[in-house]
Amino acid sequence: MNRFKNIHELIYKNKYHILSILLIFTSYFFSLIIFKEVIVASHDNLDNQIPINHIISNIFRGNFNSATYMLSGEIKWFYIENILYPINIFRIFLDDKLFYFTEDVFKKLLAYFTFFILSKSLIKNKFESAICAVFFSTIINAGNPYGYGIVMMPYFLYLLIFKKELKTKHLLIILFTGLNSSLVQDYLALCALVPLSFLLKKMQINFKLIIVFFLTLTISLAISAIPVMLNLFLSENIHRQDFIFNKPIFNLSSYLAAFIGISSLNFYSLFFLPKKILFFFIITSSLILRDKNLLLLMFFLIFIYILSIVFNPYLTQNIFKEYFTFLSGFNFNRVDRIIPFIFSLILIFNFNAMKSKRIKKIIYFSSVFVILSIQLSIPSIEASKVFLKNNFKTEKFIELKKQNYSTNSFFKAYKFISNKTNYRSSGLVFKFNSDKSFDDYYKFSEYNLIKSIVKENRVLSVGVDPMIAIMNDIKVIDGYHTIYPKNYKIKFRKVIAKELSKNDIHRKYYDNWGSRVYAFYSDKENLLIDFNEAKNIGASYVLSSFVIKNKSLKLVKKLENMFIYIIL
């Protein structure tokens, strides 16, 4: 009896944490109910981070040549920015899928508890601290998750505000976080915590603590960035040096859109619209409430936006191209990665300063609604796509996929979806299966057969993500990479030169950006890819999601959803 009483007391004591954790993993629960699998955001996750991390796993398990599987062997180990992160040691014991989801869960929980510790120290209200902690964890882990540096921001600010000195355990936490964070992406945002702590600190500023924090963080981030440093000094020019940022330096409308958070209206942005409305509301209320902390945070937010203008890539790129060419292509306005944290702080201080219980309840409800909206964005969009695919007439679904979901065509697309004549005459099908789950995206069984055919030869993928081949240990000549040699970009361009000449969107993307080294095409019935040039840079086979009629290719095997060709 006492045991059940103790369990009941434990649950009651931690009721806010239990409810918060359930909210944090709403996307998991929804995906499992609808798809029986967890849906993963494909952009920068399935098509980049996970396959690159698979290569890291291979290297940690002893296959030191694994990096040469990518881009005709021209990717060296030091092109992989996170290869020296200590967290990678767990890749020896965990497979790729288990490591990905373990780390994803860990980051979400870490973001929640670090912000809860900070907010509980700032306002002493557990309920409001829990809501804001879930809010912070949700907005920084939606879609493409941030690194450990951003996740640990609340804890670092807590140390800077409330601690008189940094003990050994604090230094170890800072050190471990820095070793598992990105100097390029996280450093400036983490440095911004120092002036932020000046604004919120109640006691006298401890400059010794700040110096120790700054040095520990800087040294650990510098160690984690050894591959980047080697890349700058040992390798040839990288493709990022050709980045062209067309955004004008002083474009008021674009910065206003970025501040509000709405640059275009599409189906995905609808799920984030409640967040933008909430941001607008709490900014307005911050000005009305005239709370000292809120006003200071508002000034700091404006300061960060000014810095992001100063560090505008369009400006810095031109400077570095003239004087520090090795820095050209790096996006220094990533100082704005602190902005979600600032908004979360503004929310918690709004709760603290708000006297009206009615308005408070409205903000409570709005915050939870925003959390649920963001959590459900990825699985809901995927469920909608699968539903339309299963129920639209085939030709109508193809037509829908060709729609450009920009602001001008959003309502046109909505009208198209609402048109009953576009649906099949038979009853609606509510069967949900998606290729955006981990196993379905990488098609392990199918690619195991492909691997048995192509063996150690390299492949070019057409109409299918080339990083799937990498995930299945198949050598490739294409892929999605944030850093790779500039000369390889020039080599590969010959493969798709005719396609680029016919499609201005593809041409501008490849020439001005080019992180996706893909076999771009406009019309699969009139393919202009030069397979002989693909062979010249190492490809022996072509994997395609559709039939290719080309005298340079010979069909080797037809699978259920894939065609394997050998280049003659």
# chains A, B, ... in the order shown; residues from 1 in each chain; ligands from 1

$ residues_around --residues "Lys355 in chain A" --least-positions-apart "6" --cutoff "12 Å" --atoms "only C-alpha atoms" --output "number ranges by chain"
A: 285, 289, 291, 349, 361

$ residues_around --residues "Gln49 in chain A" --least-positions-apart "2" --cutoff "12 Å" --atoms "only C-alpha atoms" --output "VMD selection string"
chain A and resid 40 to 47 51 to 56 80 to 83 96 100 144 to 147 467 to 468 470 to 471 479 to 482

$ atom_distance --atom1 "CA of Lys443 in chain A" --atom2 "CA of Ala469 in chain A"
9.3 Å

$ residues_around --residues "Ile417 in chain A" --least-positions-apart "5" --cutoff "9 Å" --atoms "only C-alpha atoms" --output "PyMOL selection string"
chain A and resi 388+392+400+412+422-423

$ closest_residue --among "A:Ser286, A:Ser544, A:Ser380, A:Asn532" --to "Leu568 in chain A" --atoms "only C-alpha atoms"
A:Asn532

$ residues_around --residues "Tyr28 in chain A" --least-positions-apart "3" --cutoff "6 Å" --atoms "only C-alpha atoms" --output "PDB file with N, CA and C atoms, in the first residue's frame"
ATOM      1  N   PHE A  25       6.958  14.932 -27.200  1.00  0.00           N
ATOM      2  CA  PHE A  25       7.010  13.807 -28.137  1.00  0.00           C
ATOM      3  C   PHE A  25       5.668  13.554 -28.828  1.00  0.00           C
ATOM      4  N   SER A  31       2.845  10.138 -35.268  1.00  0.00           N
ATOM      5  CA  SER A  31       3.425   9.339 -36.354  1.00  0.00           C
ATOM      6  C   SER A  31       3.188   7.851 -36.144  1.00  0.00           C
ATOM      7  N   VAL A  38       7.957   6.368 -36.995  1.00  0.00           N
ATOM      8  CA  VAL A  38       8.214   7.780 -36.722  1.00  0.00           C
ATOM      9  C   VAL A  38       8.658   8.449 -38.019  1.00  0.00           C
TER      10      VAL A  38
END

$ closest_atom_pairs --of "range 366-395 of chain A" --to "range 131-143 of chain A" --cutoff "7 Å" --atoms "only C-alpha atoms" --output "tab-separated table"
residue	atom	partner	partner_atom	distance
A:Ile371	CA	A:Phe135	CA	6.0
A:Ile374	CA	A:Ala142	CA	6.9
A:Gln375	CA	A:Thr138	CA	6.9

$ write_last_selection --atoms "C-alpha atoms" --output "JSON list (two decimals), in the first residue's frame"
[["chain", "number", "residue", "atom", "x", "y", "z"],
["A", 371, "ILE", "CA", 3.65, 23.58, -29.43],
["A", 374, "ILE", "CA", 4.79, 22.66, -34.65],
["A", 375, "GLN", "CA", 4.97, 19.12, -33.27]]

$ residues_around --residues "Asn180 in chain A" --least-positions-apart "3" --cutoff "8 Å" --atoms "only C-alpha atoms" --output "list in words"
Asn82, Tyr85, Pro86, Ile87, Gly147, Tyr148, Gly149, Phe176, Thr177, Leu221 and Ser224 of chain A

$ write_last_selection --atoms "N, CA and C atoms" --output "PDB file, in the first residue's frame"
ATOM      1  N   ASN A  82      31.698  17.207 -38.153  1.00  0.00           N
ATOM      2  CA  ASN A  82      31.435  16.657 -36.814  1.00  0.00           C
ATOM      3  C   ASN A  82      32.123  15.318 -36.555  1.00  0.00           C
ATOM      4  N   TYR A  85      33.550  14.754 -32.910  1.00  0.00           N
ATOM      5  CA  TYR A  85      32.693  14.928 -31.745  1.00  0.00           C
ATOM      6  C   TYR A  85      32.791  13.697 -30.836  1.00  0.00           C
ATOM      7  N   PRO A  86      33.041  13.871 -29.544  1.00  0.00           N
ATOM      8  CA  PRO A  86      33.138  12.715 -28.617  1.00  0.00           C
ATOM      9  C   PRO A  86      31.876  11.853 -28.589  1.00  0.00           C
ATOM     10  N   ILE A  87      30.724  12.466 -28.863  1.00  0.00           N
ATOM     11  CA  ILE A  87      29.465  11.714 -28.837  1.00  0.00           C
ATOM     12  C   ILE A  87      29.487  10.581 -29.855  1.00  0.00           C
ATOM     13  N   GLY A 147      22.395  21.952 -32.884  1.00  0.00           N
ATOM     14  CA  GLY A 147      23.429  21.177 -32.213  1.00  0.00           C
ATOM     15  C   GLY A 147      23.349  21.331 -30.708  1.00  0.00           C
ATOM     16  N   TYR A 148      24.294  20.717 -30.014  1.00  0.00           N
ATOM     17  CA  TYR A 148      24.275  20.728 -28.553  1.00  0.00           C
ATOM     18  C   TYR A 148      24.516  22.126 -27.987  1.00  0.00           C
ATOM     19  N   GLY A 149      25.249  22.963 -28.698  1.00  0.00           N
ATOM     20  CA  GLY A 149      25.509  24.309 -28.212  1.00  0.00           C
ATOM     21  C   GLY A 149      24.233  25.096 -28.018  1.00  0.00           C
ATOM     22  N   PHE A 176      32.372  19.535 -22.652  1.00  0.00           N
ATOM     23  CA  PHE A 176      31.740  18.469 -23.432  1.00  0.00           C
ATOM     24  C   PHE A 176      30.788  19.044 -24.477  1.00  0.00           C
ATOM     25  N   THR A 177      30.052  20.091 -24.100  1.00  0.00           N
ATOM     26  CA  THR A 177      29.135  20.727 -25.050  1.00  0.00           C
ATOM     27  C   THR A 177      29.907  21.339 -26.213  1.00  0.00           C
ATOM     28  N   LEU A 221      35.372  24.417 -28.587  1.00  0.00           N
ATOM     29  CA  LEU A 221      34.833  24.555 -29.942  1.00  0.00           C
ATOM     30  C   LEU A 221      35.945  24.542 -30.987  1.00  0.00           C
ATOM     31  N   SER A 224      36.856  20.949 -31.557  1.00  0.00           N
ATOM     32  CA  SER A 224      35.842  20.277 -32.392  1.00  0.00           C
ATOM     33  C   SER A 224      35.955  20.699 -33.845  1.00  0.00           C
TER      34      SER A 224
END

$ residues_around --residues "Ser66 in chain A" --least-positions-apart "5" --cutoff "10 Å" --atoms "only C-alpha atoms" --output "JSON, numbers by chain"
{"A": [54, 55, 56, 57, 58, 59, 60, 73, 75, 76, 77, 470, 473, 475]}

$ write_last_selection --atoms "N, CA and C atoms" --output "PDB file, in the first residue's frame"
ATOM      1  N   HIS A  54      26.459   8.041 -40.954  1.00  0.00           N
ATOM      2  CA  HIS A  54      26.708   6.624 -41.240  1.00  0.00           C
ATOM      3  C   HIS A  54      28.167   6.411 -41.647  1.00  0.00           C
ATOM      4  N   ILE A  55      28.698   7.338 -42.433  1.00  0.00           N
ATOM      5  CA  ILE A  55      30.111   7.273 -42.819  1.00  0.00           C
ATOM      6  C   ILE A  55      30.994   7.408 -41.585  1.00  0.00           C
ATOM      7  N   ILE A  56      30.628   8.318 -40.683  1.00  0.00           N
ATOM      8  CA  ILE A  56      31.374   8.484 -39.432  1.00  0.00           C
ATOM      9  C   ILE A  56      31.349   7.178 -38.630  1.00  0.00           C
ATOM     10  N   SER A  57      30.193   6.533 -38.565  1.00  0.00           N
ATOM     11  CA  SER A  57      30.075   5.255 -37.854  1.00  0.00           C
ATOM     12  C   SER A  57      31.013   4.217 -38.452  1.00  0.00           C
ATOM     13  N   ASN A  58      31.054   4.156 -39.777  1.00  0.00           N
ATOM     14  CA  ASN A  58      31.956   3.208 -40.442  1.00  0.00           C
ATOM     15  C   ASN A  58      33.415   3.477 -40.077  1.00  0.00           C
ATOM     16  N   ILE A  59      33.776   4.753 -40.054  1.00  0.00           N
ATOM     17  CA  ILE A  59      35.156   5.121 -39.721  1.00  0.00           C
ATOM     18  C   ILE A  59      35.475   4.727 -38.286  1.00  0.00           C
ATOM     19  N   PHE A  60      34.549   4.991 -37.350  1.00  0.00           N
ATOM     20  CA  PHE A  60      34.773   4.652 -35.947  1.00  0.00           C
ATOM     21  C   PHE A  60      34.830   3.137 -35.735  1.00  0.00           C
ATOM     22  N   GLY A  73      35.366   9.716 -54.426  1.00  0.00           N
ATOM     23  CA  GLY A  73      36.531   9.611 -53.559  1.00  0.00           C
ATOM     24  C   GLY A  73      37.211  10.928 -53.245  1.00  0.00           C
ATOM     25  N   ILE A  75      36.072  13.316 -51.309  1.00  0.00           N
ATOM     26  CA  ILE A  75      35.758  13.785 -49.961  1.00  0.00           C
ATOM     27  C   ILE A  75      36.756  13.160 -48.994  1.00  0.00           C
ATOM     28  N   LYS A  76      37.537  13.983 -48.325  1.00  0.00           N
ATOM     29  CA  LYS A  76      38.482  13.507 -47.310  1.00  0.00           C
ATOM     30  C   LYS A  76      37.805  13.519 -45.938  1.00  0.00           C
ATOM     31  N   TRP A  77      38.386  12.822 -44.983  1.00  0.00           N
ATOM     32  CA  TRP A  77      37.756  12.727 -43.668  1.00  0.00           C
ATOM     33  C   TRP A  77      37.584  14.095 -43.023  1.00  0.00           C
ATOM     34  N   ILE A 470      24.687   5.924 -50.352  1.00  0.00           N
ATOM     35  CA  ILE A 470      25.725   6.082 -49.323  1.00  0.00           C
ATOM     36  C   ILE A 470      25.320   5.356 -48.051  1.00  0.00           C
ATOM     37  N   ASP A 473      26.188   1.809 -48.204  1.00  0.00           N
ATOM     38  CA  ASP A 473      27.593   1.514 -48.487  1.00  0.00           C
ATOM     39  C   ASP A 473      27.872   1.266 -49.968  1.00  0.00           C
ATOM     40  N   LYS A 475      29.218   3.075 -53.398  1.00  0.00           N
ATOM     41  CA  LYS A 475      30.030   4.226 -53.789  1.00  0.00           C
ATOM     42  C   LYS A 475      29.311   5.052 -54.853  1.00  0.00           C
TER      43      LYS A 475
END

$ closest_residue --among "A:Lys97, A:Glu533, A:Ala519, A:Asp504" --to "Lys491 in chain A" --atoms "only C-alpha atoms"
A:Glu533

$ residues_around --residues "Asn487 in chain A" --least-positions-apart "5" --cutoff "9 Å" --atoms "only C-alpha atoms" --output "list in words"
Glu236, Asn237, Ile238, His239 and Phe492 of chain A

$ atom_distance --atom1 "CA of Ala497 in chain A" --atom2 "CA of Asn536 in chain A"
14.5 Å
